[in-house]
file input.txt (compact mmCIF, N, CA and C atoms)
# COMPACT_ATOMS: atom_id res chain seq x y z
N MET A 1213 -18.22 -0.26 -14.15
CA MET A 1213 -18.87 -1.55 -14.06
C MET A 1213 -18.03 -2.55 -14.86
N PHE A 1214 -17.56 -3.58 -14.19
CA PHE A 1214 -16.71 -4.57 -14.84
C PHE A 1214 -17.54 -5.81 -15.16
N ARG A 1215 -17.59 -6.17 -16.43
CA ARG A 1215 -18.37 -7.31 -16.89
C ARG A 1215 -17.53 -8.20 -17.79
N GLY A 1216 -17.94 -9.45 -17.87
CA GLY A 1216 -17.36 -10.36 -18.84
C GLY A 1216 -16.16 -11.13 -18.33
N VAL A 1217 -15.86 -12.16 -19.10
CA VAL A 1217 -14.70 -13.01 -18.83
C VAL A 1217 -13.69 -12.77 -19.94
N ASN A 1218 -12.48 -12.39 -19.54
CA ASN A 1218 -11.44 -12.06 -20.50
C ASN A 1218 -10.24 -12.97 -20.29
N GLN A 1219 -9.76 -13.57 -21.36
CA GLN A 1219 -8.54 -14.38 -21.30
C GLN A 1219 -7.37 -13.45 -21.60
N VAL A 1220 -6.40 -13.42 -20.69
CA VAL A 1220 -5.21 -12.61 -20.89
C VAL A 1220 -3.99 -13.44 -20.54
N ASN A 1221 -2.83 -12.96 -20.97
CA ASN A 1221 -1.59 -13.66 -20.68
C ASN A 1221 -0.80 -12.91 -19.62
N LEU A 1222 -0.09 -13.68 -18.84
CA LEU A 1222 0.83 -13.15 -17.85
C LEU A 1222 2.22 -13.27 -18.49
N ASP A 1223 2.96 -12.17 -18.57
CA ASP A 1223 4.27 -12.26 -19.19
C ASP A 1223 5.32 -12.77 -18.19
N SER A 1224 6.54 -12.92 -18.65
CA SER A 1224 7.59 -13.50 -17.81
C SER A 1224 7.95 -12.63 -16.61
N LYS A 1225 7.58 -11.35 -16.65
CA LYS A 1225 7.86 -10.45 -15.52
C LYS A 1225 6.68 -10.38 -14.55
N GLY A 1226 5.60 -11.12 -14.84
CA GLY A 1226 4.44 -11.10 -13.96
C GLY A 1226 3.46 -9.98 -14.26
N ARG A 1227 3.49 -9.46 -15.49
CA ARG A 1227 2.58 -8.39 -15.88
C ARG A 1227 1.43 -8.95 -16.70
N MET A 1228 0.26 -8.35 -16.51
CA MET A 1228 -0.91 -8.67 -17.32
C MET A 1228 -1.42 -7.39 -17.93
N ALA A 1229 -1.97 -7.50 -19.12
CA ALA A 1229 -2.53 -6.33 -19.80
C ALA A 1229 -4.02 -6.25 -19.49
N ILE A 1230 -4.46 -5.08 -19.07
CA ILE A 1230 -5.89 -4.84 -18.89
C ILE A 1230 -6.50 -4.77 -20.28
N PRO A 1231 -7.61 -5.48 -20.52
CA PRO A 1231 -8.25 -5.40 -21.84
C PRO A 1231 -8.55 -3.95 -22.23
N THR A 1232 -8.36 -3.65 -23.49
CA THR A 1232 -8.47 -2.30 -24.02
C THR A 1232 -9.79 -1.63 -23.65
N ARG A 1233 -10.88 -2.39 -23.66
CA ARG A 1233 -12.19 -1.77 -23.42
C ARG A 1233 -12.35 -1.18 -22.02
N TYR A 1234 -11.47 -1.55 -21.07
CA TYR A 1234 -11.56 -1.02 -19.71
C TYR A 1234 -10.54 0.09 -19.43
N ARG A 1235 -9.52 0.19 -20.25
CA ARG A 1235 -8.40 1.07 -19.94
C ARG A 1235 -8.77 2.55 -19.80
N ASP A 1236 -9.53 3.08 -20.75
CA ASP A 1236 -9.87 4.50 -20.70
C ASP A 1236 -10.66 4.84 -19.44
N ASP A 1237 -11.63 3.99 -19.09
CA ASP A 1237 -12.41 4.24 -17.88
C ASP A 1237 -11.53 4.18 -16.63
N LEU A 1238 -10.64 3.20 -16.58
CA LEU A 1238 -9.76 3.08 -15.42
C LEU A 1238 -8.83 4.29 -15.30
N ARG A 1239 -8.35 4.76 -16.41
CA ARG A 1239 -7.48 5.94 -16.37
C ARG A 1239 -8.28 7.18 -15.97
N ALA A 1240 -9.49 7.31 -16.49
CA ALA A 1240 -10.32 8.48 -16.17
C ALA A 1240 -10.75 8.47 -14.72
N ASP A 1241 -11.15 7.30 -14.22
CA ASP A 1241 -11.67 7.21 -12.86
C ASP A 1241 -10.59 7.20 -11.79
N THR A 1242 -9.46 6.60 -12.10
CA THR A 1242 -8.45 6.39 -11.04
C THR A 1242 -7.03 6.75 -11.47
N ASP A 1243 -6.88 7.30 -12.66
CA ASP A 1243 -5.56 7.60 -13.19
C ASP A 1243 -4.71 6.33 -13.27
N GLY A 1244 -5.38 5.18 -13.44
CA GLY A 1244 -4.67 3.91 -13.57
C GLY A 1244 -4.17 3.33 -12.27
N HIS A 1245 -4.60 3.90 -11.15
CA HIS A 1245 -4.17 3.42 -9.83
C HIS A 1245 -5.20 2.44 -9.30
N LEU A 1246 -4.78 1.20 -9.05
CA LEU A 1246 -5.67 0.12 -8.63
C LEU A 1246 -5.11 -0.56 -7.39
N ILE A 1247 -5.96 -1.37 -6.77
CA ILE A 1247 -5.57 -2.14 -5.59
C ILE A 1247 -5.85 -3.60 -5.89
N ILE A 1248 -4.88 -4.45 -5.58
CA ILE A 1248 -5.04 -5.88 -5.77
C ILE A 1248 -4.85 -6.57 -4.42
N THR A 1249 -5.67 -7.57 -4.16
CA THR A 1249 -5.57 -8.32 -2.91
C THR A 1249 -6.02 -9.75 -3.17
N VAL A 1250 -5.93 -10.58 -2.14
CA VAL A 1250 -6.32 -11.98 -2.28
C VAL A 1250 -7.84 -12.12 -2.19
N ASN A 1251 -8.36 -13.07 -2.91
CA ASN A 1251 -9.74 -13.51 -2.75
C ASN A 1251 -9.72 -14.31 -1.45
N ILE A 1252 -10.61 -14.01 -0.52
CA ILE A 1252 -10.53 -14.61 0.81
C ILE A 1252 -11.08 -16.02 0.88
N SER A 1253 -11.70 -16.51 -0.19
CA SER A 1253 -12.28 -17.85 -0.12
C SER A 1253 -11.81 -18.79 -1.22
N GLU A 1254 -11.06 -18.27 -2.20
CA GLU A 1254 -10.62 -19.11 -3.31
C GLU A 1254 -9.24 -18.68 -3.77
N ARG A 1255 -8.57 -19.55 -4.52
CA ARG A 1255 -7.23 -19.26 -5.03
C ARG A 1255 -7.32 -18.33 -6.23
N ALA A 1256 -7.66 -17.09 -5.94
CA ALA A 1256 -7.80 -16.06 -6.96
C ALA A 1256 -7.46 -14.73 -6.32
N LEU A 1257 -7.43 -13.69 -7.13
CA LEU A 1257 -7.16 -12.34 -6.65
C LEU A 1257 -8.35 -11.45 -6.95
N TRP A 1258 -8.45 -10.36 -6.21
CA TRP A 1258 -9.45 -9.33 -6.46
C TRP A 1258 -8.73 -8.05 -6.85
N LEU A 1259 -9.22 -7.39 -7.89
CA LEU A 1259 -8.65 -6.15 -8.38
C LEU A 1259 -9.72 -5.06 -8.31
N TYR A 1260 -9.43 -4.00 -7.55
CA TYR A 1260 -10.38 -2.92 -7.31
C TYR A 1260 -9.84 -1.59 -7.83
N THR A 1261 -10.74 -0.69 -8.17
CA THR A 1261 -10.34 0.69 -8.36
C THR A 1261 -10.06 1.26 -6.98
N LEU A 1262 -9.28 2.31 -6.91
CA LEU A 1262 -8.95 2.90 -5.62
C LEU A 1262 -10.21 3.39 -4.87
N PRO A 1263 -11.14 4.11 -5.51
CA PRO A 1263 -12.33 4.56 -4.76
C PRO A 1263 -13.15 3.39 -4.21
N GLU A 1264 -13.31 2.34 -4.98
CA GLU A 1264 -14.08 1.18 -4.49
C GLU A 1264 -13.34 0.51 -3.34
N TRP A 1265 -12.02 0.38 -3.48
CA TRP A 1265 -11.24 -0.24 -2.41
C TRP A 1265 -11.33 0.56 -1.12
N GLU A 1266 -11.28 1.88 -1.22
CA GLU A 1266 -11.33 2.71 -0.02
C GLU A 1266 -12.64 2.50 0.75
N ARG A 1267 -13.75 2.28 0.04
CA ARG A 1267 -15.02 1.99 0.71
C ARG A 1267 -14.95 0.65 1.45
N ILE A 1268 -14.40 -0.34 0.79
CA ILE A 1268 -14.29 -1.68 1.40
C ILE A 1268 -13.31 -1.64 2.56
N GLU A 1269 -12.19 -1.00 2.36
CA GLU A 1269 -11.16 -0.91 3.40
C GLU A 1269 -11.72 -0.25 4.67
N ALA A 1270 -12.52 0.78 4.50
CA ALA A 1270 -13.11 1.46 5.66
C ALA A 1270 -14.04 0.52 6.43
N LYS A 1271 -14.84 -0.25 5.70
CA LYS A 1271 -15.75 -1.19 6.35
C LYS A 1271 -14.99 -2.29 7.09
N VAL A 1272 -13.99 -2.84 6.43
CA VAL A 1272 -13.22 -3.93 7.04
C VAL A 1272 -12.41 -3.39 8.24
N SER A 1273 -11.84 -2.23 8.09
CA SER A 1273 -11.04 -1.66 9.18
C SER A 1273 -11.88 -1.39 10.42
N SER A 1274 -13.16 -1.13 10.23
CA SER A 1274 -14.02 -0.81 11.37
C SER A 1274 -14.50 -2.06 12.12
N LEU A 1275 -14.20 -3.24 11.61
CA LEU A 1275 -14.60 -4.47 12.30
C LEU A 1275 -13.82 -4.61 13.61
N PRO A 1276 -14.41 -5.25 14.61
CA PRO A 1276 -13.73 -5.37 15.90
C PRO A 1276 -12.48 -6.25 15.82
N SER A 1277 -11.39 -5.75 16.34
CA SER A 1277 -10.12 -6.47 16.27
C SER A 1277 -10.07 -7.71 17.16
N PHE A 1278 -10.93 -7.76 18.18
CA PHE A 1278 -10.91 -8.89 19.09
C PHE A 1278 -11.75 -10.06 18.61
N ASP A 1279 -12.48 -9.89 17.53
CA ASP A 1279 -13.25 -10.97 16.93
C ASP A 1279 -12.30 -11.76 16.03
N LYS A 1280 -12.18 -13.08 16.26
CA LYS A 1280 -11.20 -13.89 15.52
C LYS A 1280 -11.44 -13.85 14.01
N ASN A 1281 -12.71 -13.96 13.60
CA ASN A 1281 -13.00 -13.96 12.16
C ASN A 1281 -12.72 -12.60 11.55
N ALA A 1282 -13.05 -11.54 12.26
CA ALA A 1282 -12.76 -10.19 11.75
C ALA A 1282 -11.26 -9.98 11.63
N ALA A 1283 -10.52 -10.43 12.63
CA ALA A 1283 -9.06 -10.29 12.59
C ALA A 1283 -8.47 -11.07 11.42
N LYS A 1284 -9.00 -12.25 11.19
CA LYS A 1284 -8.52 -13.07 10.07
C LYS A 1284 -8.83 -12.37 8.74
N LEU A 1285 -10.04 -11.83 8.62
CA LEU A 1285 -10.43 -11.11 7.41
C LEU A 1285 -9.50 -9.93 7.17
N LYS A 1286 -9.21 -9.17 8.22
CA LYS A 1286 -8.30 -8.03 8.09
C LYS A 1286 -6.92 -8.48 7.63
N ARG A 1287 -6.41 -9.56 8.24
CA ARG A 1287 -5.08 -10.05 7.85
C ARG A 1287 -5.02 -10.41 6.38
N PHE A 1288 -6.03 -11.13 5.92
CA PHE A 1288 -6.02 -11.55 4.52
C PHE A 1288 -6.29 -10.38 3.58
N LEU A 1289 -7.41 -9.74 3.76
CA LEU A 1289 -7.85 -8.73 2.80
C LEU A 1289 -6.98 -7.48 2.84
N LEU A 1290 -6.80 -6.91 4.01
CA LEU A 1290 -6.01 -5.68 4.13
C LEU A 1290 -4.52 -5.96 4.09
N GLY A 1291 -4.12 -7.06 4.73
CA GLY A 1291 -2.70 -7.38 4.79
C GLY A 1291 -2.07 -7.67 3.44
N HIS A 1292 -2.85 -8.20 2.52
CA HIS A 1292 -2.33 -8.51 1.20
C HIS A 1292 -2.60 -7.40 0.18
N ALA A 1293 -3.36 -6.40 0.55
CA ALA A 1293 -3.71 -5.33 -0.39
C ALA A 1293 -2.45 -4.60 -0.85
N THR A 1294 -2.34 -4.46 -2.16
CA THR A 1294 -1.15 -3.86 -2.76
C THR A 1294 -1.57 -2.86 -3.82
N ASP A 1295 -0.95 -1.69 -3.79
CA ASP A 1295 -1.18 -0.68 -4.82
C ASP A 1295 -0.48 -1.12 -6.11
N VAL A 1296 -1.19 -1.03 -7.22
CA VAL A 1296 -0.60 -1.31 -8.53
C VAL A 1296 -1.03 -0.20 -9.48
N ASP A 1297 -0.14 0.16 -10.37
CA ASP A 1297 -0.42 1.22 -11.34
C ASP A 1297 -0.33 0.67 -12.75
N MET A 1298 -1.30 1.05 -13.55
CA MET A 1298 -1.32 0.65 -14.95
C MET A 1298 -0.25 1.47 -15.68
N ASP A 1299 0.60 0.79 -16.44
CA ASP A 1299 1.63 1.51 -17.19
C ASP A 1299 1.04 2.07 -18.49
N ALA A 1300 1.85 2.74 -19.27
CA ALA A 1300 1.39 3.39 -20.50
C ALA A 1300 0.81 2.39 -21.50
N SER A 1301 1.21 1.12 -21.40
CA SER A 1301 0.70 0.08 -22.30
C SER A 1301 -0.51 -0.64 -21.72
N GLY A 1302 -1.01 -0.19 -20.57
CA GLY A 1302 -2.19 -0.80 -19.97
C GLY A 1302 -1.89 -2.07 -19.19
N ARG A 1303 -0.64 -2.23 -18.77
CA ARG A 1303 -0.25 -3.43 -18.03
C ARG A 1303 -0.15 -3.15 -16.54
N LEU A 1304 -0.39 -4.23 -15.76
CA LEU A 1304 -0.22 -4.20 -14.31
C LEU A 1304 0.80 -5.25 -13.93
N LEU A 1305 1.70 -4.90 -13.03
CA LEU A 1305 2.63 -5.87 -12.48
C LEU A 1305 1.97 -6.49 -11.25
N LEU A 1306 1.71 -7.79 -11.31
CA LEU A 1306 1.11 -8.50 -10.20
C LEU A 1306 2.22 -8.96 -9.26
N PRO A 1307 2.17 -8.58 -7.99
CA PRO A 1307 3.24 -8.95 -7.06
C PRO A 1307 3.40 -10.47 -6.95
N ALA A 1308 4.64 -10.92 -6.85
CA ALA A 1308 4.94 -12.36 -6.81
C ALA A 1308 4.18 -13.11 -5.72
N PRO A 1309 4.10 -12.60 -4.48
CA PRO A 1309 3.35 -13.36 -3.46
C PRO A 1309 1.87 -13.55 -3.82
N LEU A 1310 1.29 -12.56 -4.46
CA LEU A 1310 -0.11 -12.68 -4.87
C LEU A 1310 -0.25 -13.64 -6.05
N ARG A 1311 0.70 -13.61 -6.98
CA ARG A 1311 0.67 -14.57 -8.09
C ARG A 1311 0.76 -15.99 -7.55
N GLU A 1312 1.62 -16.18 -6.55
CA GLU A 1312 1.77 -17.50 -5.94
C GLU A 1312 0.49 -17.93 -5.23
N HIS A 1313 -0.13 -17.02 -4.50
CA HIS A 1313 -1.39 -17.34 -3.80
C HIS A 1313 -2.44 -17.83 -4.78
N ALA A 1314 -2.56 -17.15 -5.92
CA ALA A 1314 -3.58 -17.50 -6.91
C ALA A 1314 -3.11 -18.58 -7.89
N GLN A 1315 -1.89 -19.06 -7.71
CA GLN A 1315 -1.32 -20.11 -8.56
C GLN A 1315 -1.35 -19.71 -10.04
N LEU A 1316 -1.04 -18.44 -10.31
CA LEU A 1316 -1.12 -17.93 -11.67
C LEU A 1316 0.04 -18.44 -12.51
N LYS A 1317 -0.31 -18.92 -13.70
CA LYS A 1317 0.69 -19.33 -14.68
C LYS A 1317 0.58 -18.37 -15.87
N LYS A 1318 0.82 -18.83 -17.06
CA LYS A 1318 0.82 -17.94 -18.22
C LYS A 1318 -0.58 -17.46 -18.62
N GLN A 1319 -1.53 -18.38 -18.75
CA GLN A 1319 -2.88 -17.99 -19.15
C GLN A 1319 -3.73 -17.73 -17.92
N ILE A 1320 -4.30 -16.52 -17.89
CA ILE A 1320 -5.13 -16.16 -16.74
C ILE A 1320 -6.48 -15.63 -17.23
N ILE A 1321 -7.41 -15.57 -16.31
CA ILE A 1321 -8.75 -15.09 -16.58
C ILE A 1321 -8.99 -13.84 -15.74
N LEU A 1322 -9.53 -12.83 -16.37
CA LEU A 1322 -9.96 -11.61 -15.71
C LEU A 1322 -11.48 -11.60 -15.80
N ALA A 1323 -12.14 -11.86 -14.68
CA ALA A 1323 -13.61 -11.99 -14.67
C ALA A 1323 -14.24 -10.78 -13.99
N GLY A 1324 -15.04 -10.05 -14.74
CA GLY A 1324 -15.72 -8.89 -14.20
C GLY A 1324 -16.76 -9.30 -13.17
N GLN A 1325 -16.80 -8.58 -12.06
CA GLN A 1325 -17.76 -8.85 -10.98
C GLN A 1325 -18.51 -7.58 -10.59
N GLY A 1326 -18.69 -6.69 -11.53
CA GLY A 1326 -19.38 -5.44 -11.25
C GLY A 1326 -18.45 -4.41 -10.65
N ASN A 1327 -18.20 -4.50 -9.36
CA ASN A 1327 -17.35 -3.52 -8.68
C ASN A 1327 -15.88 -3.87 -8.66
N LYS A 1328 -15.54 -5.05 -9.17
CA LYS A 1328 -14.14 -5.49 -9.14
C LYS A 1328 -13.92 -6.54 -10.23
N PHE A 1329 -12.66 -6.89 -10.42
CA PHE A 1329 -12.30 -8.03 -11.26
C PHE A 1329 -11.80 -9.14 -10.36
N GLU A 1330 -12.05 -10.38 -10.76
CA GLU A 1330 -11.37 -11.52 -10.17
C GLU A 1330 -10.30 -11.94 -11.16
N ILE A 1331 -9.15 -12.34 -10.66
CA ILE A 1331 -8.05 -12.81 -11.49
C ILE A 1331 -7.79 -14.26 -11.11
N TRP A 1332 -7.89 -15.16 -12.08
CA TRP A 1332 -7.74 -16.60 -11.87
C TRP A 1332 -6.71 -17.17 -12.83
N ASP A 1333 -6.03 -18.21 -12.42
CA ASP A 1333 -5.30 -19.04 -13.36
C ASP A 1333 -6.36 -19.71 -14.23
N GLU A 1334 -6.15 -19.76 -15.53
CA GLU A 1334 -7.18 -20.27 -16.44
C GLU A 1334 -7.58 -21.71 -16.12
N ALA A 1335 -6.62 -22.58 -15.80
CA ALA A 1335 -6.95 -23.97 -15.48
C ALA A 1335 -7.80 -24.05 -14.21
N ASN A 1336 -7.44 -23.25 -13.21
CA ASN A 1336 -8.23 -23.23 -11.97
C ASN A 1336 -9.64 -22.68 -12.23
N TRP A 1337 -9.73 -21.66 -13.06
CA TRP A 1337 -11.03 -21.07 -13.42
C TRP A 1337 -11.91 -22.13 -14.09
N ASN A 1338 -11.35 -22.84 -15.05
CA ASN A 1338 -12.13 -23.85 -15.76
C ASN A 1338 -12.59 -24.96 -14.82
N ALA A 1339 -11.71 -25.42 -13.95
CA ALA A 1339 -12.07 -26.47 -13.00
C ALA A 1339 -13.16 -25.97 -12.04
N GLN A 1340 -13.00 -24.73 -11.56
CA GLN A 1340 -13.99 -24.16 -10.64
C GLN A 1340 -15.32 -23.96 -11.34
N ASN A 1341 -15.30 -23.54 -12.59
CA ASN A 1341 -16.54 -23.38 -13.35
C ASN A 1341 -17.28 -24.70 -13.48
N ASP A 1342 -16.54 -25.76 -13.76
CA ASP A 1342 -17.16 -27.09 -13.85
C ASP A 1342 -17.82 -27.46 -12.52
N GLU A 1343 -17.13 -27.18 -11.42
CA GLU A 1343 -17.68 -27.48 -10.10
C GLU A 1343 -18.94 -26.66 -9.83
N TRP A 1344 -18.90 -25.37 -10.17
CA TRP A 1344 -20.07 -24.51 -9.97
C TRP A 1344 -21.26 -25.00 -10.79
N MET A 1345 -20.99 -25.43 -12.00
CA MET A 1345 -22.07 -25.93 -12.86
C MET A 1345 -22.68 -27.20 -12.28
N GLU A 1346 -21.85 -28.07 -11.75
CA GLU A 1346 -22.34 -29.31 -11.14
C GLU A 1346 -23.19 -29.02 -9.91
N GLU A 1347 -22.73 -28.08 -9.09
CA GLU A 1347 -23.46 -27.74 -7.87
C GLU A 1347 -24.79 -27.09 -8.17
N GLY A 1348 -24.82 -26.23 -9.18
CA GLY A 1348 -26.03 -25.47 -9.46
C GLY A 1348 -26.34 -24.53 -8.30
N LEU A 1349 -27.49 -23.93 -8.35
CA LEU A 1349 -27.93 -23.06 -7.26
C LEU A 1349 -28.74 -23.89 -6.29
N THR A 1350 -28.35 -23.84 -5.04
CA THR A 1350 -29.08 -24.58 -4.02
C THR A 1350 -29.76 -23.59 -3.09
N GLY A 1351 -30.60 -24.09 -2.22
CA GLY A 1351 -31.36 -23.23 -1.31
C GLY A 1351 -30.49 -22.36 -0.44
N GLY A 1352 -31.08 -21.37 0.14
CA GLY A 1352 -30.37 -20.46 1.03
C GLY A 1352 -30.81 -19.04 0.78
N PRO A 1353 -30.28 -18.12 1.56
CA PRO A 1353 -30.71 -16.72 1.46
C PRO A 1353 -30.52 -16.13 0.06
N MET A 1354 -29.41 -16.48 -0.61
CA MET A 1354 -29.18 -15.90 -1.92
C MET A 1354 -30.22 -16.38 -2.93
N LEU A 1355 -30.60 -17.63 -2.86
CA LEU A 1355 -31.59 -18.14 -3.80
C LEU A 1355 -32.90 -17.38 -3.66
N ILE A 1356 -33.28 -17.04 -2.43
CA ILE A 1356 -34.50 -16.27 -2.21
C ILE A 1356 -34.39 -14.91 -2.90
N GLU A 1357 -33.23 -14.28 -2.80
CA GLU A 1357 -33.02 -12.98 -3.48
C GLU A 1357 -33.11 -13.14 -4.99
N LEU A 1358 -32.56 -14.22 -5.51
CA LEU A 1358 -32.56 -14.43 -6.96
C LEU A 1358 -33.97 -14.68 -7.49
N GLU A 1359 -34.85 -15.25 -6.66
CA GLU A 1359 -36.21 -15.51 -7.12
C GLU A 1359 -36.95 -14.26 -7.53
N SER A 1360 -36.55 -13.10 -7.00
CA SER A 1360 -37.22 -11.87 -7.33
C SER A 1360 -36.71 -11.25 -8.64
N LEU A 1361 -35.63 -11.81 -9.19
CA LEU A 1361 -35.10 -11.30 -10.44
C LEU A 1361 -35.84 -11.90 -11.62
N SER A 1362 -35.99 -11.13 -12.63
CA SER A 1362 -36.55 -11.62 -13.88
C SER A 1362 -35.38 -11.85 -14.82
N LEU A 1363 -35.01 -13.11 -15.02
CA LEU A 1363 -33.82 -13.41 -15.82
C LEU A 1363 -34.14 -13.59 -17.27
call {"tool": "encode", "arguments": {"input": "input.txt", "output": "structure tokens"}}
result
Amino acid sequence: MFRGVNQVNLDSKGRMAIPTRYRDDLRADTDGHLIITVNISERALWLYTLPEWERIEAKVSSLPSFDKNAAKLKRFLLGHATDVDMDASGRLLLPAPLREHAQLKKQIILAGQGNKFEIWDEANWNAQNDEWMEEGLTGGPMLIELESLSL
């Protein structure tokens, strides 16, 4: 379970260090083998453990190829999916095309989303957070689901 917002640095080689509190679990669960891909709706990346990614990949792969939206989803999500391995120091090398997609600079944010991490450029994260706060929660199916939660 990935929780919290973590500020990390991207080094000159495009590597980021996984925060220490997650490293042992990632090594135990996946031997440090992870999958990174593009966020399909925002300039960010998604980082999955291999078992979680395999579940998602199976669902996406089973979508009909003749449906334009399904084909687009496959191209983005599966087409950009890249295997990455945590090194002995707990670092991941983020591929250059994915760093460019997410507009990553030196300071980045690793935001836990339960089953995955989102990786954002810190400036983009802060701007997006401001926008989310301004928008607030508006009506729709998700708001109905949230009404049943006791916060």
call {"tool": "closest_atom_pairs", "arguments": {"input": "input.txt", "of": "segment 1228-1266 of chain A", "to": "segment 1306-1325 of chain A", "cutoff": "8 Å", "atoms": "all atoms listed in the file", "output": "tab-separated table"}}
result
residue	atom	partner	partner_atom	distance
A:Met1228	N	A:Leu1306	N	5.4
A:Ile1248	C	A:Leu1310	CA	7.7
A:Thr1249	C	A:Leu1310	CA	6.8
A:Val1250	N	A:Leu1310	CA	6.8
A:Asn1251	N	A:Ala1314	CA	7.6
A:Glu1254	C	A:Ala1314	CA	6.6
A:Arg1255	C	A:Ala1314	CA	3.9
A:Ala1256	N	A:Ala1314	CA	4.2
A:Leu1257	N	A:Ala1314	CA	5.4
call {"tool": "residues_around", "arguments": {"input": "input.txt", "residues": "Val1296 of chain A", "least_positions_apart": "6", "cutoff": "5 Å", "atoms": "only N, CA and C atoms", "output": "PyMOL selection string"}}
result
chain A and resi 1245-1247
call {"tool": "residues_near_point", "arguments": {"input": "input.txt", "point": "(-8.7, -5.2, -15.7)", "cutoff": "10 Å", "atoms": "only C-alpha atoms", "output": "JSON, numbers by chain"}}
result
{"A": [1214, 1215, 1218, 1220, 1228, 1229, 1230, 1231, 1232, 1233, 1234, 1235, 1238, 1246, 1259, 1260, 1261, 1298, 1302, 1303, 1304, 1321, 1322, 1323, 1324, 1328, 1329, 1330, 1331]}
call {"tool": "atom_distance", "arguments": {"input": "input.txt", "atom1": "atom CA of Lys1280 of chain A", "atom2": "atom CA of Trp1258 of chain A"}}
result
22.5 Å
call {"tool": "select_by_dssp", "arguments": {"input": "input.txt", "residues": "segment 1221-1361 of chain A", "states": "alpha helix (DSSP H)", "output": "PyMOL selection string"}}
result
chain A and resi 1232-1242+1262-1273+1280-1285+1308-1313+1334-1347+1353-1359
call {"tool": "decode", "arguments": {"input": "input.txt", "residues": "segment 1299-1314 of chain A", "atoms": "N, CA and C atoms", "output": "compact mmCIF listing (two decimals), in the first residue's frame"}}
result
# COMPACT_ATOMS: atom_id res chain seq x y z
N ASP A 1299 18.08 -0.36 -7.94
CA ASP A 1299 19.46 -0.78 -7.72
C ASP A 1299 19.73 -0.98 -6.23
N ALA A 1300 20.94 -1.35 -5.88
CA ALA A 1300 21.29 -1.64 -4.49
C ALA A 1300 21.09 -0.44 -3.57
N SER A 1301 21.13 0.77 -4.13
CA SER A 1301 20.93 1.99 -3.34
C SER A 1301 19.48 2.44 -3.32
N GLY A 1302 18.57 1.65 -3.90
CA GLY A 1302 17.15 1.99 -3.89
C GLY A 1302 16.76 3.00 -4.96
N ARG A 1303 17.58 3.11 -6.01
CA ARG A 1303 17.29 4.08 -7.07
C ARG A 1303 16.70 3.39 -8.29
N LEU A 1304 15.89 4.18 -9.02
CA LEU A 1304 15.32 3.75 -10.30
C LEU A 1304 15.78 4.71 -11.37
N LEU A 1305 16.16 4.17 -12.51
CA LEU A 1305 16.48 5.00 -13.67
C LEU A 1305 15.19 5.21 -14.45
N LEU A 1306 14.73 6.46 -14.53
CA LEU A 1306 13.52 6.78 -15.28
C LEU A 1306 13.91 7.02 -16.73
N PRO A 1307 13.31 6.29 -17.67
CA PRO A 1307 13.67 6.45 -19.08
C PRO A 1307 13.44 7.88 -19.57
N ALA A 1308 14.36 8.36 -20.41
CA ALA A 1308 14.30 9.74 -20.91
C ALA A 1308 12.96 10.10 -21.55
N PRO A 1309 12.38 9.26 -22.42
CA PRO A 1309 11.08 9.65 -23.01
C PRO A 1309 9.98 9.84 -21.97
N LEU A 1310 10.01 9.04 -20.92
CA LEU A 1310 9.00 9.18 -19.87
C LEU A 1310 9.27 10.43 -19.03
N ARG A 1311 10.54 10.72 -18.77
CA ARG A 1311 10.88 11.96 -18.04
C ARG A 1311 10.40 13.17 -18.83
N GLU A 1312 10.59 13.11 -20.15
CA GLU A 1312 10.15 14.22 -21.00
C GLU A 1312 8.63 14.35 -20.99
N HIS A 1313 7.92 13.23 -21.07
CA HIS A 1313 6.45 13.26 -21.04
C HIS A 1313 5.95 13.95 -19.78
N ALA A 1314 6.55 13.61 -18.63
CA ALA A 1314 6.11 14.16 -17.35
C ALA A 1314 6.78 15.50 -17.03
